[in-house]
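Okay, structure first, notes after.
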Amino acid sequence: MQKKRWIALTALRKVLTCAICSIALVALFSVHVHVFPSSKVPNFSDPFKLPTQHDIKYQKLSAEQSWTLELAPPHLLKAPLPSRKLDGSSGTVETDKLWKPPPNRDFVPCVEPSPNYTSPTESRGYLLVHTNGGLNQMRAGICDMVAVARIINATLVIPELDKRSFWKDSSNFSDVFDEDHFINALANDVKIITKLPKELATGTRAVKHFRSWSGMDYYQEEIASLWEEYEVIRAAKSDSRLANNNLPLDIQKLRCRACYEALRFAPQIEAMGKLLVNRMRSFGSYIALHLRFEKDMLAFSGCTQDLSSAEADELRIIRENTRYWRDKEINPTEQRSRGFCPLTPKEVGIFLSALGYPSSTPIYIAAGKIYGGDSHMADLRSHYPILKSKETLASVEELEPFTNHASQMAALDYIVSVESGVFIPSYTGNMARAVEGHRRFLGHKKTISPDRKALVGLFDKLEQGTLEEGKNLSDRVIEIHRKRQGSPRKRKGPVAGLKGKEKLRSEEPFYENPLPDCLCRKEFPVQTTL
């Protein structure tokens, strides 16, 4: 009896041993297949090579044929390194939270015109537009002038880009934007031509500075009345000439169609921009940091934090000698305490660390030449060594067609910023507003807007030694920015108590937040049960 039990026990041991070995072999084989799938190793060479015209894939968008260069799928690129909790332990949950966009609450683009919307009727004359400012100021102005042309029933002549501002950019419209697509995409809204008819090229025209933030009455009455004497109206400036709010819904939707569908960058800029996106994604999910620490920005704002006295004097002289900058005497301490200064590179490094982003986070610097160069970037680089820019991601030869053209270089930064995992502007300027609005339109992608006024108080305490970097600072920074991450909300109206232009100036710009006009709640089919 005992012998039979011993034989049974031995047999059971053999069966268990075989089972354990089999499970181990299967697990080992599955890990090998998962990590090294010989048939699915991603080929990184293609996404990093600037395509020729022949390589560009075309796809159908809405009613017309239009090209877009396909981005390398994010899942084929390197995953980001896991973040660390403040106590030093690994945290995948924390990593997911850092990159997770805010809930979009089922808001989707809704820019189709109403059933009563008609094609443009016979126009009453021609609208010439001289845009002003940098790339994003001009973009907003162009889209507004599309709406103005519709309101006053004009044929829009392709706008002239600003060649006289600080940047001295000689680019024409077709150098920066896809002119043919712009004309065709808006064919059902406004008639657009490339230049005035020859017989009108030298004729008399009405030159007007359209009133800022004007509504329908101003354009339909005061401006449209000019057609009685003139065939050509020339808008001397394009920025902020149309009201943010209280316009017909079809006009607001037209502005969005112009901005987010019609006004594409030129094919060569789109191709280069998306090449840069692919190269950034090869490092993993990345932050696009709009770092406004350029000479013109610091001179204009009068901000001197982290600058030497010689640098501050140089910027003051630039401000005093720039004729069209009105404010000459600026108190830098007061500017900073009110939150009117861009964060410095050093402050950005502290800010990102406090938010919980690990030092392995790839960061794309969307900016022009940083004032002071490496000397001012050292602190940020010590926090985040994977700092990239268009100049470090692309060769001199690849960037050569765009170099010395500020608007085209800014367009590359715009593309990489819109496509980033997280966008963070160090200052609220035209590009910051434009990118935030575009990211909202695309599904409320994560955009963290630093509360500069609140941060200055914390940074000063760090300098004074009354606060240290660590959990206490992190908790306070995270709490301050909990509701500043690009979640859906209606566009803000004017500040209470203000009147006239100051009241209109205080409104949130239309292109910074196109909700509610161009974003609507997705309608789900009603479920019925039998």
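Identifiers in the structure tokens: chain A, B, ... in order shown; residue index from 1 per chain; ligand index from 1 in order shown.
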Using only C-alpha atoms, what table do you get, as a Markdown table, when you list each residue of range 402-493 of chain A with an atom no more than 12 Å from range 296-301 of chain A, its nearest pair of atoms, and their distance in Å rounded to one decimal, rows by chain then rising number?
| residue | atom | partner | partner_atom | distance |
| --- | --- | --- | --- | --- |
| A:Ser426 | CA | A:Met297 | CA | 11.5 |
| A:Tyr427 | CA | A:Met297 | CA | 9.8 |
| A:Thr428 | CA | A:Met297 | CA | 11.4 |
| A:Gly429 | CA | A:Met297 | CA | 9.7 |
| A:Asn430 | CA | A:Met297 | CA | 11.8 |
Restrict the selected residues to C-alpha atoms and save them as a short mmCIF file (atom, residue, chain, number, x, y, z; two decimals), in the first residue's frame.
data_model
loop_
_atom_site.label_atom_id
_atom_site.label_comp_id
_atom_site.auth_asym_id
_atom_site.auth_seq_id
_atom_site.Cartn_x
_atom_site.Cartn_y
_atom_site.Cartn_z
CA SER A 426 6.12 81.03 -21.29
CA TYR A 427 4.15 84.15 -22.25
CA THR A 428 0.69 84.93 -23.61
CA GLY A 429 1.42 86.29 -27.08
CA ASN A 430 -0.01 85.86 -30.56
#
Write out as number ranges by chain the residues lying within 7 Å of Cys256 in chain A, counting only C-alpha atoms and excluding same-chain residues fewer than 3 positions away. A: 111, 252-253, 259-260, 518
I need the residues from that last selection saved to file as a PDB file, in the first residue's frame (with C-alpha atoms), if you can.
ATOM      1  CA  VAL A 111     -18.065  74.744 -38.797  1.00  0.00           C
ATOM      2  CA  GLN A 252     -18.018  83.074 -36.789  1.00  0.00           C
ATOM      3  CA  LYS A 253     -18.026  79.656 -38.446  1.00  0.00           C
ATOM      4  CA  CYS A 259      -8.335  79.580 -39.990  1.00  0.00           C
ATOM      5  CA  TYR A 260      -8.402  75.820 -39.476  1.00  0.00           C
ATOM      6  CA  CYS A 518     -17.130  76.417 -33.756  1.00  0.00           C
TER       7      CYS A 518
END
At a cut-off of 12 Å, using only C-alpha atoms, what residues contact Asn321 in chain A? Leave out same-chain residues fewer than 5 positions from it and give the result as a PDB file with N, CA, C and O atoms, in the first residue's frame.
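Contents of out21.pdb, freshly written:
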ATOM      1  N   PHE A 166       9.434  94.465 -37.388  1.00  0.00           N
ATOM      2  CA  PHE A 166      10.717  94.188 -36.730  1.00  0.00           C
ATOM      3  C   PHE A 166      11.523  93.111 -37.458  1.00  0.00           C
ATOM      4  O   PHE A 166      12.736  93.175 -37.544  1.00  0.00           O
ATOM      5  N   ALA A 299      12.959  93.318 -25.151  1.00  0.00           N
ATOM      6  CA  ALA A 299      13.060  94.769 -25.343  1.00  0.00           C
ATOM      7  C   ALA A 299      11.685  95.417 -25.295  1.00  0.00           C
ATOM      8  O   ALA A 299      11.492  96.465 -24.669  1.00  0.00           O
ATOM      9  N   PHE A 300      10.712  94.805 -25.935  1.00  0.00           N
ATOM     10  CA  PHE A 300       9.357  95.352 -25.989  1.00  0.00           C
ATOM     11  C   PHE A 300       8.707  95.366 -24.603  1.00  0.00           C
ATOM     12  O   PHE A 300       8.067  96.351 -24.214  1.00  0.00           O
ATOM     13  N   GLU A 314      21.191  97.219 -23.180  1.00  0.00           N
ATOM     14  CA  GLU A 314      21.067  96.982 -24.625  1.00  0.00           C
ATOM     15  C   GLU A 314      19.598  96.922 -25.038  1.00  0.00           C
ATOM     16  O   GLU A 314      19.194  97.523 -26.047  1.00  0.00           O
ATOM     17  N   LEU A 315      18.783  96.228 -24.258  1.00  0.00           N
ATOM     18  CA  LEU A 315      17.362  96.093 -24.579  1.00  0.00           C
ATOM     19  C   LEU A 315      16.626  97.425 -24.429  1.00  0.00           C
ATOM     20  O   LEU A 315      15.729  97.739 -25.214  1.00  0.00           O
ATOM     21  N   ARG A 316      17.014  98.216 -23.432  1.00  0.00           N
ATOM     22  CA  ARG A 316      16.386  99.533 -23.243  1.00  0.00           C
ATOM     23  C   ARG A 316      16.645 100.426 -24.454  1.00  0.00           C
ATOM     24  O   ARG A 316      15.732 101.126 -24.941  1.00  0.00           O
ATOM     25  N   ARG A 326       5.227 102.108 -28.357  1.00  0.00           N
ATOM     26  CA  ARG A 326       4.798 103.315 -27.650  1.00  0.00           C
ATOM     27  C   ARG A 326       5.413 103.446 -26.256  1.00  0.00           C
ATOM     28  O   ARG A 326       5.792 104.536 -25.835  1.00  0.00           O
ATOM     29  N   ASP A 327       5.472 102.338 -25.494  1.00  0.00           N
ATOM     30  CA  ASP A 327       5.950 102.417 -24.103  1.00  0.00           C
ATOM     31  C   ASP A 327       7.479 102.407 -24.074  1.00  0.00           C
ATOM     32  O   ASP A 327       8.114 101.406 -24.438  1.00  0.00           O
ATOM     33  N   LYS A 328       8.053 103.492 -23.630  1.00  0.00           N
ATOM     34  CA  LYS A 328       9.511 103.611 -23.576  1.00  0.00           C
ATOM     35  C   LYS A 328      10.059 103.416 -22.161  1.00  0.00           C
ATOM     36  O   LYS A 328      11.085 102.790 -21.964  1.00  0.00           O
TER      37      LYS A 328
END
Kindly give the distance, in Å, that separates CA of Phe283 in chain A and CA of Ile386 in chain A, rounded to a single decimal. 8.6 Å
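If you count only C-alpha atoms and ignore residues fewer than 2 places along the chain from range 217-225 of chain A, what sits within 9 Å of it is Arg124, Val148, Ile151, Ile152, Asn153, Lys208, Phe210, Arg211, Ser214, Gly215, Trp227, Glu228, Glu229 and Ile233 of chain A.
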Quick one: write out the picked residues with all heavy atoms as a compact mmCIF listing (two decimals), in the first residue's frame?
# COMPACT_ATOMS: atom_id res chain seq x y z
N ARG A 124 -19.37 93.84 -54.95
CA ARG A 124 -19.52 95.27 -55.21
C ARG A 124 -18.19 95.95 -55.48
O ARG A 124 -18.14 97.11 -55.89
CB ARG A 124 -20.20 95.92 -54.00
CG ARG A 124 -21.57 95.35 -53.70
CD ARG A 124 -22.22 96.05 -52.53
NE ARG A 124 -22.50 97.47 -52.82
CZ ARG A 124 -22.98 98.32 -51.93
NH1 ARG A 124 -23.22 97.92 -50.68
NH2 ARG A 124 -23.21 99.58 -52.26
N VAL A 148 -14.73 89.82 -43.27
CA VAL A 148 -15.10 91.19 -43.65
C VAL A 148 -15.49 91.25 -45.13
O VAL A 148 -16.48 91.91 -45.49
CB VAL A 148 -13.94 92.17 -43.35
CG1 VAL A 148 -14.19 93.53 -43.99
CG2 VAL A 148 -13.76 92.32 -41.84
N ILE A 151 -18.93 90.09 -45.39
CA ILE A 151 -19.89 91.05 -44.83
C ILE A 151 -20.16 92.20 -45.79
O ILE A 151 -21.31 92.62 -45.98
CB ILE A 151 -19.38 91.59 -43.47
CG1 ILE A 151 -19.33 90.47 -42.43
CG2 ILE A 151 -20.27 92.73 -42.97
CD1 ILE A 151 -18.60 90.84 -41.15
N ILE A 152 -19.12 92.73 -46.44
CA ILE A 152 -19.29 93.90 -47.31
C ILE A 152 -19.43 93.50 -48.78
O ILE A 152 -19.44 94.35 -49.66
CB ILE A 152 -18.14 94.91 -47.14
CG1 ILE A 152 -16.81 94.32 -47.60
CG2 ILE A 152 -18.05 95.39 -45.69
CD1 ILE A 152 -15.66 95.32 -47.58
N ASN A 153 -19.55 92.18 -49.02
CA ASN A 153 -19.76 91.66 -50.37
C ASN A 153 -18.64 92.10 -51.33
O ASN A 153 -18.89 92.67 -52.39
CB ASN A 153 -21.12 92.10 -50.92
CG ASN A 153 -21.54 91.24 -52.11
OD1 ASN A 153 -20.96 90.19 -52.36
ND2 ASN A 153 -22.53 91.70 -52.86
N LYS A 208 -8.36 102.75 -45.73
CA LYS A 208 -9.01 102.87 -44.42
C LYS A 208 -8.26 102.08 -43.35
O LYS A 208 -7.78 100.98 -43.61
CB LYS A 208 -10.44 102.32 -44.49
CG LYS A 208 -11.39 103.19 -45.30
CD LYS A 208 -11.79 104.46 -44.56
CE LYS A 208 -12.69 104.18 -43.37
NZ LYS A 208 -13.13 105.41 -42.70
N PHE A 210 -9.48 100.22 -40.59
CA PHE A 210 -10.73 99.73 -40.02
C PHE A 210 -10.67 99.84 -38.50
O PHE A 210 -9.64 99.57 -37.88
CB PHE A 210 -10.99 98.28 -40.42
CG PHE A 210 -11.25 98.07 -41.89
CD1 PHE A 210 -11.14 96.80 -42.45
CD2 PHE A 210 -11.59 99.13 -42.71
CE1 PHE A 210 -11.38 96.59 -43.79
CE2 PHE A 210 -11.83 98.94 -44.07
CZ PHE A 210 -11.72 97.66 -44.61
N ARG A 211 -11.79 100.23 -37.92
CA ARG A 211 -11.86 100.40 -36.47
C ARG A 211 -11.69 99.05 -35.76
O ARG A 211 -12.24 98.03 -36.19
CB ARG A 211 -13.21 101.02 -36.11
CG ARG A 211 -13.28 101.59 -34.70
CD ARG A 211 -14.60 102.32 -34.50
NE ARG A 211 -15.74 101.38 -34.60
CZ ARG A 211 -16.97 101.74 -34.87
NH1 ARG A 211 -17.26 103.02 -35.10
NH2 ARG A 211 -17.94 100.84 -34.91
N SER A 214 -14.62 95.79 -34.49
CA SER A 214 -15.89 96.32 -34.99
C SER A 214 -16.87 95.21 -35.34
O SER A 214 -16.47 94.09 -35.71
CB SER A 214 -15.65 97.18 -36.23
OG SER A 214 -14.91 98.32 -35.88
N GLY A 215 -18.15 95.53 -35.23
CA GLY A 215 -19.21 94.57 -35.50
C GLY A 215 -19.83 94.75 -36.88
O GLY A 215 -19.33 95.49 -37.73
N TRP A 227 -18.48 101.87 -51.31
CA TRP A 227 -18.67 101.34 -52.66
C TRP A 227 -19.36 102.35 -53.58
O TRP A 227 -19.25 102.25 -54.80
CB TRP A 227 -19.51 100.05 -52.63
CG TRP A 227 -18.89 98.87 -51.94
CD1 TRP A 227 -19.50 98.04 -51.05
CD2 TRP A 227 -17.56 98.35 -52.11
NE1 TRP A 227 -18.64 97.04 -50.64
CE2 TRP A 227 -17.44 97.21 -51.28
CE3 TRP A 227 -16.46 98.73 -52.87
CZ2 TRP A 227 -16.27 96.45 -51.19
CZ3 TRP A 227 -15.28 97.98 -52.78
CH2 TRP A 227 -15.20 96.86 -51.96
N GLU A 228 -20.05 103.32 -53.01
CA GLU A 228 -20.72 104.32 -53.82
C GLU A 228 -19.73 105.21 -54.59
O GLU A 228 -20.06 105.77 -55.64
CB GLU A 228 -21.63 105.18 -52.94
CG GLU A 228 -22.76 104.39 -52.28
CD GLU A 228 -23.51 105.19 -51.24
OE1 GLU A 228 -23.29 106.44 -51.19
OE2 GLU A 228 -24.30 104.60 -50.48
N GLU A 229 -18.50 105.31 -54.06
CA GLU A 229 -17.49 106.16 -54.71
C GLU A 229 -16.27 105.39 -55.21
O GLU A 229 -15.57 105.89 -56.10
CB GLU A 229 -17.02 107.24 -53.72
CG GLU A 229 -18.09 108.22 -53.29
CD GLU A 229 -17.53 109.29 -52.37
OE1 GLU A 229 -16.45 109.83 -52.69
OE2 GLU A 229 -18.17 109.56 -51.33
N ILE A 233 -11.25 99.10 -51.98
CA ILE A 233 -11.03 99.53 -50.60
C ILE A 233 -9.76 98.83 -50.11
O ILE A 233 -9.62 97.62 -50.27
CB ILE A 233 -12.21 99.16 -49.68
CG1 ILE A 233 -13.48 99.87 -50.14
CG2 ILE A 233 -11.89 99.52 -48.22
CD1 ILE A 233 -14.73 99.43 -49.37
From a DSSP calculation on the backbone, collect every residue of range 136-287 of chain A in strand (DSSP E) and output the set as a ChimeraX atom specification. /A:154-157,192-193,206-208,232-235,287
May I have the selected residues written with N, CA and C atoms, as a PDB file, in the first residue's frame?
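After the write, out-v4.pdb holds the following:
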ATOM      1  N   ALA A 154     -17.386  91.828 -50.922  1.00  0.00           N
ATOM      2  CA  ALA A 154     -16.228  92.220 -51.718  1.00  0.00           C
ATOM      3  C   ALA A 154     -15.524  90.998 -52.287  1.00  0.00           C
ATOM      4  N   THR A 155     -14.804  91.201 -53.364  1.00  0.00           N
ATOM      5  CA  THR A 155     -13.848  90.211 -53.860  1.00  0.00           C
ATOM      6  C   THR A 155     -12.534  90.468 -53.128  1.00  0.00           C
ATOM      7  N   LEU A 156     -12.038  89.459 -52.447  1.00  0.00           N
ATOM      8  CA  LEU A 156     -10.812  89.607 -51.664  1.00  0.00           C
ATOM      9  C   LEU A 156      -9.598  89.355 -52.555  1.00  0.00           C
ATOM     10  N   VAL A 157      -8.673  90.295 -52.568  1.00  0.00           N
ATOM     11  CA  VAL A 157      -7.398  90.092 -53.259  1.00  0.00           C
ATOM     12  C   VAL A 157      -6.437  89.453 -52.254  1.00  0.00           C
ATOM     13  N   ILE A 192     -12.028  85.034 -54.237  1.00  0.00           N
ATOM     14  CA  ILE A 192     -10.659  85.473 -53.947  1.00  0.00           C
ATOM     15  C   ILE A 192      -9.852  85.424 -55.239  1.00  0.00           C
ATOM     16  N   ILE A 193      -9.104  86.488 -55.506  1.00  0.00           N
ATOM     17  CA  ILE A 193      -8.246  86.531 -56.684  1.00  0.00           C
ATOM     18  C   ILE A 193      -6.815  86.856 -56.255  1.00  0.00           C
ATOM     19  N   ALA A 206      -9.990 103.713 -51.799  1.00  0.00           N
ATOM     20  CA  ALA A 206     -10.215 104.205 -50.437  1.00  0.00           C
ATOM     21  C   ALA A 206      -9.278 103.453 -49.490  1.00  0.00           C
ATOM     22  N   VAL A 207      -8.432 104.194 -48.793  1.00  0.00           N
ATOM     23  CA  VAL A 207      -7.506 103.586 -47.830  1.00  0.00           C
ATOM     24  C   VAL A 207      -8.074 103.829 -46.432  1.00  0.00           C
ATOM     25  N   LYS A 208      -8.357 102.755 -45.731  1.00  0.00           N
ATOM     26  CA  LYS A 208      -9.006 102.867 -44.422  1.00  0.00           C
ATOM     27  C   LYS A 208      -8.260 102.077 -43.355  1.00  0.00           C
ATOM     28  N   VAL A 232     -12.317 100.010 -55.174  1.00  0.00           N
ATOM     29  CA  VAL A 232     -11.289  99.321 -54.399  1.00  0.00           C
ATOM     30  C   VAL A 232     -11.183  99.945 -53.013  1.00  0.00           C
ATOM     31  N   ILE A 233     -11.254  99.101 -51.978  1.00  0.00           N
ATOM     32  CA  ILE A 233     -11.028  99.533 -50.599  1.00  0.00           C
ATOM     33  C   ILE A 233      -9.756  98.833 -50.110  1.00  0.00           C
ATOM     34  N   ARG A 234      -8.871  99.608 -49.521  1.00  0.00           N
ATOM     35  CA  ARG A 234      -7.628  99.025 -49.004  1.00  0.00           C
ATOM     36  C   ARG A 234      -7.607  99.114 -47.485  1.00  0.00           C
ATOM     37  N   ALA A 235      -7.505  97.944 -46.834  1.00  0.00           N
ATOM     38  CA  ALA A 235      -7.389  97.906 -45.374  1.00  0.00           C
ATOM     39  C   ALA A 235      -5.914  98.078 -45.014  1.00  0.00           C
ATOM     40  N   ILE A 287       7.118  67.856 -24.972  1.00  0.00           N
ATOM     41  CA  ILE A 287       6.538  69.158 -24.668  1.00  0.00           C
ATOM     42  C   ILE A 287       7.037  70.154 -25.706  1.00  0.00           C
TER      43      ILE A 287
END
Extract, using only C-alpha atoms, all DNA, RNA and protein residues at most 12 Å from Val190 in chain A, discarding same-chain residues fewer than 5 positions from it, and format them as a PyMOL selection string. chain A and resi 118-123+126-127+143+145-158+182-185+251+254-255+257-258+262
